[in-house]
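Peer 1: Just one file: run.cif, with mmCIF, C-alpha atoms.
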data_work
loop_
_atom_site.group_PDB
_atom_site.id
_atom_site.type_symbol
_atom_site.label_atom_id
_atom_site.label_comp_id
_atom_site.auth_asym_id
_atom_site.auth_seq_id
_atom_site.Cartn_x
_atom_site.Cartn_y
_atom_site.Cartn_z
ATOM 1 C CA MET N 1 3.533 25.655 26.334
ATOM 2 C CA SER N 2 0.974 27.397 28.531
ATOM 3 C CA LEU N 3 -1.787 29.652 27.255
ATOM 4 C CA THR N 4 -0.942 33.356 27.089
ATOM 5 C CA VAL N 5 -3.494 36.070 27.835
ATOM 6 C CA LYS N 6 -3.708 36.694 24.093
ATOM 7 C CA ASN N 7 -4.288 32.980 23.421
ATOM 8 C CA LYS N 8 -7.160 32.933 25.940
ATOM 9 C CA ASP N 9 -8.806 36.005 24.398
ATOM 10 C CA THR N 10 -8.505 34.496 20.923
ATOM 11 C CA ILE N 11 -9.992 31.218 22.112
ATOM 12 C CA LYS N 12 -12.934 32.854 23.903
ATOM 13 C CA SER N 13 -13.845 35.056 20.900
ATOM 14 C CA PHE N 14 -13.514 32.195 18.451
ATOM 15 C CA TRP N 15 -15.511 29.905 20.739
ATOM 16 C CA ALA N 16 -18.404 32.391 20.675
ATOM 17 C CA LYS N 17 -18.655 31.674 16.926
ATOM 18 C CA VAL N 18 -18.180 27.927 17.373
ATOM 19 C CA ALA N 19 -20.715 27.410 20.167
ATOM 20 C CA PRO N 20 -23.906 27.736 18.045
ATOM 21 C CA ARG N 21 -22.631 24.944 15.749
ATOM 22 C CA ALA N 22 -21.115 22.826 18.505
ATOM 23 C CA GLU N 23 -23.232 19.721 17.938
ATOM 24 C CA GLU N 24 -22.589 19.671 14.182
ATOM 25 C CA ILE N 25 -18.878 20.218 14.703
ATOM 26 C CA GLY N 26 -18.584 17.536 17.380
ATOM 27 C CA THR N 27 -20.474 15.047 15.199
ATOM 28 C CA ASP N 28 -18.293 15.753 12.163
ATOM 29 C CA ALA N 29 -15.032 15.547 14.166
ATOM 30 C CA LEU N 30 -16.014 12.247 15.762
ATOM 31 C CA SER N 31 -17.212 10.840 12.404
ATOM 32 C CA ARG N 32 -13.911 11.728 10.796
ATOM 33 C CA MET N 33 -11.915 10.239 13.663
ATOM 34 C CA LEU N 34 -13.721 6.902 13.328
ATOM 35 C CA VAL N 35 -13.159 6.799 9.544
ATOM 36 C CA VAL N 36 -9.615 8.178 9.290
ATOM 37 C CA TYR N 37 -8.261 6.449 12.437
ATOM 38 C CA PRO N 38 -10.154 3.144 12.508
ATOM 39 C CA GLN N 39 -8.322 1.975 15.646
ATOM 40 C CA THR N 40 -10.434 4.500 17.596
ATOM 41 C CA LYS N 41 -13.516 2.401 16.849
ATOM 42 C CA THR N 42 -12.308 -0.052 19.475
ATOM 43 C CA TYR N 43 -13.686 2.270 22.161
ATOM 44 C CA PHE N 44 -17.193 2.127 20.727
ATOM 45 C CA SER N 45 -17.820 -1.580 20.176
ATOM 46 C CA HIS N 46 -21.035 -1.160 22.172
ATOM 47 C CA TRP N 47 -22.565 1.165 19.545
ATOM 48 C CA LYS N 48 -24.907 -0.214 16.908
ATOM 49 C CA ASP N 49 -23.858 2.199 14.201
ATOM 50 C CA LEU N 50 -20.415 3.769 13.810
ATOM 51 C CA SER N 51 -21.027 5.369 10.416
ATOM 52 C CA PRO N 52 -20.542 9.144 9.953
ATOM 53 C CA GLY N 53 -23.451 11.139 11.374
ATOM 54 C CA SER N 54 -25.218 8.150 12.930
ATOM 55 C CA ALA N 55 -27.376 8.621 16.043
ATOM 56 C CA PRO N 56 -24.805 7.391 18.593
ATOM 57 C CA VAL N 57 -22.069 9.455 16.877
ATOM 58 C CA ARG N 58 -24.280 12.551 16.938
ATOM 59 C CA LYS N 59 -25.155 12.085 20.601
ATOM 60 C CA HIS N 60 -21.549 11.535 21.592
ATOM 61 C CA GLY N 61 -20.301 14.449 19.472
ATOM 62 C CA LYS N 62 -22.618 16.672 21.499
ATOM 63 C CA THR N 63 -21.291 15.228 24.776
ATOM 64 C CA VAL N 64 -17.680 15.795 23.751
ATOM 65 C CA MET N 65 -18.339 19.371 22.667
ATOM 66 C CA SER N 66 -20.050 20.246 25.940
ATOM 67 C CA GLY N 67 -16.881 18.998 27.618
ATOM 68 C CA VAL N 68 -14.845 21.360 25.438
ATOM 69 C CA ALA N 69 -17.254 24.200 26.269
ATOM 70 C CA GLU N 70 -16.740 23.482 29.965
ATOM 71 C CA ALA N 71 -12.986 23.640 29.388
ATOM 72 C CA VAL N 72 -13.354 27.071 27.734
ATOM 73 C CA SER N 73 -15.260 28.329 30.784
ATOM 74 C CA LYS N 74 -12.515 26.993 33.068
ATOM 75 C CA ILE N 75 -9.642 28.073 30.860
ATOM 76 C CA ASP N 76 -7.810 29.780 33.717
ATOM 77 C CA ASP N 77 -7.398 26.536 35.669
ATOM 78 C CA LEU N 78 -7.963 23.517 33.476
ATOM 79 C CA THR N 79 -6.290 21.010 35.800
ATOM 80 C CA ASN N 80 -8.691 21.679 38.657
ATOM 81 C CA GLY N 81 -11.641 22.560 36.458
ATOM 82 C CA LEU N 82 -11.544 19.238 34.596
ATOM 83 C CA LEU N 83 -10.754 16.999 37.597
ATOM 84 C CA THR N 84 -14.034 15.078 37.393
ATOM 85 C CA LEU N 85 -13.676 14.533 33.665
ATOM 86 C CA SER N 86 -10.114 13.388 34.197
ATOM 87 C CA GLU N 87 -11.266 10.826 36.748
ATOM 88 C CA LEU N 88 -13.902 9.618 34.302
ATOM 89 C CA HIS N 89 -11.379 9.154 31.500
ATOM 90 C CA ALA N 90 -8.720 7.639 33.780
ATOM 91 C CA PHE N 91 -10.709 5.179 35.847
ATOM 92 C CA GLN N 92 -13.780 4.342 33.817
ATOM 93 C CA LEU N 93 -13.205 5.048 30.145
ATOM 94 C CA ARG N 94 -9.471 4.354 30.207
ATOM 95 C CA VAL N 95 -8.940 5.999 26.834
ATOM 96 C CA ASP N 96 -5.279 5.881 25.810
ATOM 97 C CA PRO N 97 -4.211 9.556 25.974
ATOM 98 C CA ALA N 98 -2.677 9.310 22.488
ATOM 99 C CA ASN N 99 -6.233 9.439 21.218
ATOM 100 C CA PHE N 100 -6.771 12.936 22.619
ATOM 101 C CA LYS N 101 -4.310 14.164 19.985
ATOM 102 C CA ILE N 102 -6.192 12.333 17.274
ATOM 103 C CA LEU N 103 -9.559 13.819 18.207
ATOM 104 C CA SER N 104 -7.979 17.283 18.552
ATOM 105 C CA HIS N 105 -6.593 17.045 15.017
ATOM 106 C CA ASN N 106 -10.004 16.150 13.637
ATOM 107 C CA LEU N 107 -11.619 19.005 15.559
ATOM 108 C CA LEU N 108 -9.141 21.403 13.954
ATOM 109 C CA VAL N 109 -9.915 19.999 10.483
ATOM 110 C CA VAL N 110 -13.647 20.566 11.040
ATOM 111 C CA LEU N 111 -13.034 24.092 12.353
ATOM 112 C CA ALA N 112 -10.999 24.840 9.195
ATOM 113 C CA ILE N 113 -13.876 23.612 7.037
ATOM 114 C CA GLN N 114 -16.583 25.457 8.984
ATOM 115 C CA PHE N 115 -14.666 28.725 9.427
ATOM 116 C CA PRO N 116 -12.386 29.051 6.371
ATOM 117 C CA ASP N 117 -11.873 32.790 6.947
ATOM 118 C CA ASP N 118 -11.896 32.933 10.760
ATOM 119 C CA PHE N 119 -9.602 29.951 11.334
ATOM 120 C CA THR N 120 -6.452 31.980 10.680
ATOM 121 C CA PRO N 121 -2.956 30.740 11.634
ATOM 122 C CA GLU N 122 -3.222 32.744 14.900
ATOM 123 C CA VAL N 123 -6.559 31.160 15.815
ATOM 124 C CA HIS N 124 -5.180 27.764 14.753
ATOM 125 C CA VAL N 125 -2.164 27.973 17.082
ATOM 126 C CA ALA N 126 -4.313 29.184 20.001
ATOM 127 C CA MET N 127 -6.835 26.362 19.515
ATOM 128 C CA ASP N 128 -4.086 23.758 19.081
ATOM 129 C CA LYS N 129 -2.448 24.915 22.333
ATOM 130 C CA PHE N 130 -5.828 24.931 24.078
ATOM 131 C CA LEU N 131 -6.765 21.417 22.974
ATOM 132 C CA SER N 132 -3.298 20.189 24.042
ATOM 133 C CA ALA N 133 -3.826 21.820 27.449
ATOM 134 C CA VAL N 134 -7.247 20.173 27.733
ATOM 135 C CA ALA N 135 -5.724 16.795 26.843
ATOM 136 C CA LEU N 136 -3.083 17.314 29.524
ATOM 137 C CA ALA N 137 -5.721 18.173 32.122
ATOM 138 C CA LEU N 138 -7.731 15.095 31.109
ATOM 139 C CA SER N 139 -4.623 12.918 31.571
ATOM 140 C CA GLU N 140 -4.013 14.298 35.079
ATOM 141 C CA LYS N 141 -5.510 11.386 37.030
ATOM 142 C CA TYR N 142 -4.193 8.560 34.833
ATOM 143 C CA ARG N 143 -1.222 7.596 36.991
ATOM 144 C CA MET X 144 4.135 -2.130 -1.518
ATOM 145 C CA VAL X 145 1.316 0.272 -0.765
ATOM 146 C CA GLU X 146 -2.114 -0.817 -1.968
ATOM 147 C CA TRP X 147 -4.318 1.956 -3.274
ATOM 148 C CA THR X 148 -8.035 1.577 -3.921
ATOM 149 C CA GLU X 149 -9.572 3.137 -7.024
ATOM 150 C CA PHE X 150 -11.243 5.702 -4.807
ATOM 151 C CA GLU X 151 -7.930 6.668 -3.185
ATOM 152 C CA ARG X 152 -6.144 7.030 -6.527
ATOM 153 C CA ALA X 153 -8.944 9.096 -8.025
ATOM 154 C CA THR X 154 -9.177 11.282 -4.899
ATOM 155 C CA ILE X 155 -5.456 12.111 -4.872
ATOM 156 C CA GLN X 156 -5.357 12.855 -8.602
ATOM 157 C CA ASP X 157 -8.463 15.002 -8.268
ATOM 158 C CA ILE X 158 -7.221 17.055 -5.311
ATOM 159 C CA PHE X 159 -3.867 17.815 -6.914
ATOM 160 C CA SER X 160 -5.196 18.471 -10.420
ATOM 161 C CA LYS X 161 -7.380 21.254 -9.023
ATOM 162 C CA MET X 162 -4.858 22.615 -6.534
ATOM 163 C CA ASP X 163 -3.440 26.137 -6.588
ATOM 164 C CA TYR X 164 0.119 25.077 -5.688
ATOM 165 C CA GLU X 165 1.395 28.582 -4.961
ATOM 166 C CA SER X 166 -1.449 29.503 -2.648
ATOM 167 C CA VAL X 167 -1.749 26.162 -0.852
ATOM 168 C CA GLY X 168 2.020 25.784 -0.510
ATOM 169 C CA HIS X 169 2.398 29.305 0.883
ATOM 170 C CA ASN X 170 -0.475 28.907 3.310
ATOM 171 C CA ALA X 171 0.588 25.473 4.524
ATOM 172 C CA LEU X 172 4.198 26.481 5.186
ATOM 173 C CA THR X 173 3.094 29.747 6.850
ATOM 174 C CA ARG X 174 0.704 27.850 9.084
ATOM 175 C CA CYS X 175 3.449 25.372 10.016
ATOM 176 C CA LEU X 176 5.878 28.160 10.978
ATOM 177 C CA VAL X 177 3.174 29.924 13.049
ATOM 178 C CA VAL X 178 1.515 26.940 14.727
ATOM 179 C CA TYR X 179 4.784 25.066 15.383
ATOM 180 C CA PRO X 180 7.308 27.888 15.764
ATOM 181 C CA TRP X 181 10.221 25.544 16.466
ATOM 182 C CA THR X 182 10.105 24.580 12.777
ATOM 183 C CA GLN X 183 11.582 28.010 12.093
ATOM 184 C CA ARG X 184 14.953 26.513 13.061
ATOM 185 C CA TYR X 185 15.351 25.331 9.472
ATOM 186 C CA PHE X 186 14.830 28.745 7.962
ATOM 187 C CA GLY X 187 17.460 30.895 9.659
ATOM 188 C CA ASN X 188 18.293 32.648 6.401
ATOM 189 C CA PHE X 189 14.700 33.570 5.555
ATOM 190 C CA GLY X 190 14.896 36.929 7.319
ATOM 191 C CA ASN X 191 11.857 38.279 9.164
ATOM 192 C CA LEU X 192 9.772 35.510 10.800
ATOM 193 C CA TYR X 193 8.938 37.472 13.950
ATOM 194 C CA ASN X 194 5.171 37.172 13.851
ATOM 195 C CA ALA X 195 2.358 35.664 11.810
ATOM 196 C CA ALA X 196 1.995 38.731 9.584
ATOM 197 C CA ALA X 197 5.727 38.815 8.872
ATOM 198 C CA ILE X 198 5.758 35.112 8.018
ATOM 199 C CA MET X 199 2.718 35.440 5.759
ATOM 200 C CA GLY X 200 4.279 38.399 3.945
ATOM 201 C CA ASN X 201 7.732 36.863 3.589
ATOM 202 C CA PRO X 202 8.445 36.138 -0.106
ATOM 203 C CA LEU X 203 10.999 33.418 0.734
ATOM 204 C CA VAL X 204 8.325 31.515 2.663
ATOM 205 C CA ALA X 205 5.929 31.818 -0.275
ATOM 206 C CA ALA X 206 8.549 30.603 -2.734
ATOM 207 C CA HIS X 207 9.550 27.695 -0.546
ATOM 208 C CA GLY X 208 5.946 26.650 0.007
ATOM 209 C CA THR X 209 5.639 26.234 -3.748
ATOM 210 C CA VAL X 210 8.859 24.179 -3.896
ATOM 211 C CA VAL X 211 7.544 21.798 -1.228
ATOM 212 C CA LEU X 212 4.162 21.358 -2.920
ATOM 213 C CA HIS X 213 5.750 20.642 -6.271
ATOM 214 C CA GLY X 214 7.872 18.081 -4.443
ATOM 215 C CA LEU X 215 4.622 16.266 -3.666
ATOM 216 C CA ASP X 216 3.932 16.093 -7.408
ATOM 217 C CA LYS X 217 6.478 13.312 -7.715
ATOM 218 C CA ALA X 218 4.406 11.152 -5.415
ATOM 219 C CA VAL X 219 1.144 12.049 -7.177
ATOM 220 C CA LYS X 220 2.649 10.920 -10.489
ATOM 221 C CA ASN X 221 4.294 7.770 -9.078
ATOM 222 C CA MET X 222 1.821 6.480 -6.531
ATOM 223 C CA ASP X 223 2.944 2.878 -6.994
ATOM 224 C CA ASN X 224 6.580 3.634 -6.380
ATOM 225 C CA ILE X 225 6.748 6.444 -3.854
ATOM 226 C CA LYS X 226 9.519 4.863 -1.789
ATOM 227 C CA ALA X 227 12.011 4.728 -4.689
ATOM 228 C CA THR X 228 10.867 8.080 -6.053
ATOM 229 C CA TYR X 229 11.814 9.829 -2.801
ATOM 230 C CA ALA X 230 15.133 8.068 -2.098
ATOM 231 C CA GLU X 231 17.199 11.053 -3.189
ATOM 232 C CA LEU X 232 14.993 13.617 -1.409
ATOM 233 C CA SER X 233 15.190 11.494 1.727
ATOM 234 C CA VAL X 234 18.992 11.586 1.670
ATOM 235 C CA LEU X 235 18.845 15.346 1.079
ATOM 236 C CA HIS X 236 16.570 15.963 4.085
ATOM 237 C CA SER X 237 18.681 13.711 6.293
ATOM 238 C CA GLU X 238 22.273 14.370 5.274
ATOM 239 C CA LYS X 239 22.169 17.930 4.031
ATOM 240 C CA LEU X 240 19.144 19.654 5.580
ATOM 241 C CA HIS X 241 19.222 17.690 8.873
ATOM 242 C CA VAL X 242 15.444 17.903 9.293
ATOM 243 C CA ASP X 243 13.945 16.009 12.235
ATOM 244 C CA PRO X 244 11.405 13.704 10.507
ATOM 245 C CA ASP X 245 8.730 14.621 13.049
ATOM 246 C CA ASN X 246 8.518 17.925 11.198
ATOM 247 C CA PHE X 247 7.162 16.142 8.121
ATOM 248 C CA ARG X 248 4.112 15.158 10.155
ATOM 249 C CA LEU X 249 3.653 18.720 11.407
ATOM 250 C CA LEU X 250 3.723 20.130 7.867
ATOM 251 C CA ALA X 251 1.417 17.335 6.672
ATOM 252 C CA ASP X 252 -1.130 18.253 9.365
ATOM 253 C CA CYS X 253 -1.031 21.902 8.310
ATOM 254 C CA LEU X 254 -1.415 20.908 4.650
ATOM 255 C CA THR X 255 -4.448 18.777 5.546
ATOM 256 C CA ILE X 256 -6.043 21.733 7.318
ATOM 257 C CA VAL X 257 -5.391 24.140 4.414
ATOM 258 C CA VAL X 258 -6.796 21.681 1.850
ATOM 259 C CA ALA X 259 -9.800 21.019 4.125
ATOM 260 C CA ALA X 260 -10.551 24.745 4.259
ATOM 261 C CA ARG X 261 -10.303 24.994 0.454
ATOM 262 C CA LEU X 262 -12.490 21.981 -0.326
ATOM 263 C CA GLY X 263 -15.043 22.635 2.425
ATOM 264 C CA SER X 264 -17.781 20.019 2.474
ATOM 265 C CA GLY X 265 -16.027 18.269 -0.415
ATOM 266 C CA PHE X 266 -13.364 17.193 2.070
ATOM 267 C CA THR X 267 -15.466 14.286 3.324
ATOM 268 C CA PRO X 268 -14.191 11.790 5.920
ATOM 269 C CA ASP X 269 -13.308 9.341 3.112
ATOM 270 C CA VAL X 270 -11.438 12.017 1.152
ATOM 271 C CA GLN X 271 -9.628 13.015 4.347
ATOM 272 C CA ALA X 272 -8.636 9.388 4.946
ATOM 273 C CA ALA X 273 -7.237 9.063 1.404
ATOM 274 C CA PHE X 274 -5.356 12.349 1.646
ATOM 275 C CA GLN X 275 -3.851 11.542 5.048
ATOM 276 C CA LYS X 276 -2.870 8.038 3.863
ATOM 277 C CA PHE X 277 -1.121 9.581 0.861
ATOM 278 C CA LEU X 278 0.811 12.023 3.068
ATOM 279 C CA ALA X 279 1.712 9.221 5.505
ATOM 280 C CA VAL X 280 3.220 7.207 2.633
ATOM 281 C CA VAL X 281 5.211 10.242 1.470
ATOM 282 C CA ILE X 282 6.469 10.835 5.018
ATOM 283 C CA SER X 283 7.493 7.207 5.346
ATOM 284 C CA ALA X 284 9.442 7.429 2.072
ATOM 285 C CA LEU X 285 11.117 10.694 3.102
ATOM 286 C CA THR X 286 12.181 9.116 6.398
ATOM 287 C CA LYS X 287 13.434 5.898 4.781
ATOM 288 C CA GLN X 288 17.050 6.921 4.171
ATOM 289 C CA TYR X 289 17.681 8.353 7.654
ATOM 290 C CA HIS X 290 20.255 6.429 9.660
#
Go ahead and render the structure in this file as structure tokens.
Peer 2:
Amino acid sequence: MSLTVKNKDTIKSFWAKVAPRAEEIGTDALSRMLVVYPQTKTYFSHWKDLSPGSAPVRKHGKTVMSGVAEAVSKIDDLTNGLLTLSELHAFQLRVDPANFKILSHNLLVVLAIQFPDDFTPEVHVAMDKFLSAVALALSEKYR
Amino acid sequence: MVEWTEFERATIQDIFSKMDYESVGHNALTRCLVVYPWTQRYFGNFGNLYNAAAIMGNPLVAAHGTVVLHGLDKAVKNMDNIKATYAELSVLHSEKLHVDPDNFRLLADCLTIVVAARLGSGFTPDVQAAFQKFLAVVISALTKQYH
């Protein structure tokens, strides 16, 4: 299910609207993930505060979104473009790849809330494909 | 037996009491057919599903979206007995419609996104959790009679 030229154009235009609110969106998506899928909290036992919008959640939401921004800029070759991030997730963070799907879902929910008119079915399918492709690239170095 | 908190019960009743079934049903089913095109396999007799615009404008899709949403009503009205309430519908989806149960999750995800867009900031993380729990229970009940 690779990204078509049309998908990539859709993603880049939509991302231009998303980018200014990236931190807010990342924070909200992460907050939701921790509340709706409590098993994901196991990766953050070292944080003092896991409540929605807390300082560590905000900081990490920003980190995650800059990763997504990097993926947008490297959309034509995600596997190679995200090699370093894949190594990080595979060897240090060791996040079970099933969780990439969970975070992606929550990102889509936040995008639907923030862009009720722009997040059309066509934008939705392009973003869903993109986030799946990013997850695949991140899983590259796992085994 | 599924345990519901007062907050979860109130949230589900609130969301559905204010819902525009026709609009939400139509949008959710359209989104499902566009975002997960393989789900179109179940709608061979719906005519033109060639692109997003065609799907959105297709009256059979709109009508069916409403049917599906009203199907959720049963669960809203019988939250303490969803499993038994859906026994017949489960047999229908398995024996007659032959729907792969993974599709229930795909439609549920699309429904969550449509409701999120409608409620905006009102769709807080806690409301999302309650809504997704509700849909998960419905899915479990719909899958129960498959063998």
Peer 1: For this file, the PyMOL selection byres ((chain N) within 8 of (chain X)) selects which residues, as a ChimeraX atom specification?
Peer 2: /N:31-32,35-36,52,105,108-110,112-116,121-122,124-125,128
Peer 1: Select, from N:Met127, N:Leu34, N:Val134, N:Ala98, the residue with the minimum atom-to-atom distance to N:Glu70, counting only C-alpha atoms.
Peer 2: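 Result for the nearest residue to N:Glu70: N:Val134.
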Peer 1: Work out how far atom CA of N:Val57 is from atom CA of N:Leu88, in Å to one decimal.
Peer 2: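 Going from atom CA of N:Leu88 over to atom CA of N:Val57, I get 19.2 Å.
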Peer 1: Excluding N:Leu136 and any residue of its chain fewer than 4 positions from it, enumerate the residues within 10 Å of it, using all atoms listed in the file, and give them as JSON, numbers by chain.
Peer 2: {"N": [78, 79, 86, 97, 100, 130, 131, 132, 140, 141]}
Peer 1: List, as a ChimeraX atom specification, every residue that the PyMOL selection byres ((chain X and resi 155-164) around 10) selects in the file provided.
Peer 2: /X:150-154,165-170,208-213,215-216,218-220,222,258,261-262,266,270,273-274,276-277
Peer 1: How many Å lie between atom CA of X:Tyr185 and atom CA of X:Leu172, rounded to one decimal?
Peer 2: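 That distance, rounded to one decimal, is 12.0 Å.
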Peer 1: Give me the residues within 12 Å of N:Lys17 as a list of chain:residue names, counting all atoms listed in the file and dropping any in the same chain fewer than 3 places off.
Peer 2: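 Using all atoms listed in the file, the neighbours found are N:Thr10, N:Ile11, N:Lys12, N:Ser13, N:Phe14, N:Pro20, N:Arg21, N:Ala22, N:Ile25, N:Leu111, N:Gln114, N:Phe115, N:Asp118, N:Phe119.
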Peer 1: Using only C-alpha atoms, which of the listed residues (X:Ser283, X:Thr148, X:Thr182, X:Asn221) sits closest to X:Ser233?
Peer 2: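 When distances to X:Ser233 are compared using only C-alpha atoms, the smallest one comes from X:Ser283.
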Peer 1: Let me know the residues the PyMOL selection byres ((chain X and resi 246) around 10) catches in the file above, as a list in words.
Peer 2: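 Taken on the displayed file, the PyMOL selection byres ((chain X and resi 246) around 10) yields the residues Cys175, Tyr179, Trp181, Thr182, Val242, Asp243, Pro244, Asp245, Phe247, Arg248, Leu249, Leu250, Ala251, Asp252 and Ile282 of chain X.
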Peer 1: Figure out the distance between atom CA of X:Ala230 and atom CA of X:Gln288, please, to one decimal in Å.
Peer 2: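 Atom-to-atom, atom CA of X:Gln288 to atom CA of X:Ala230, that is 6.7 Å.
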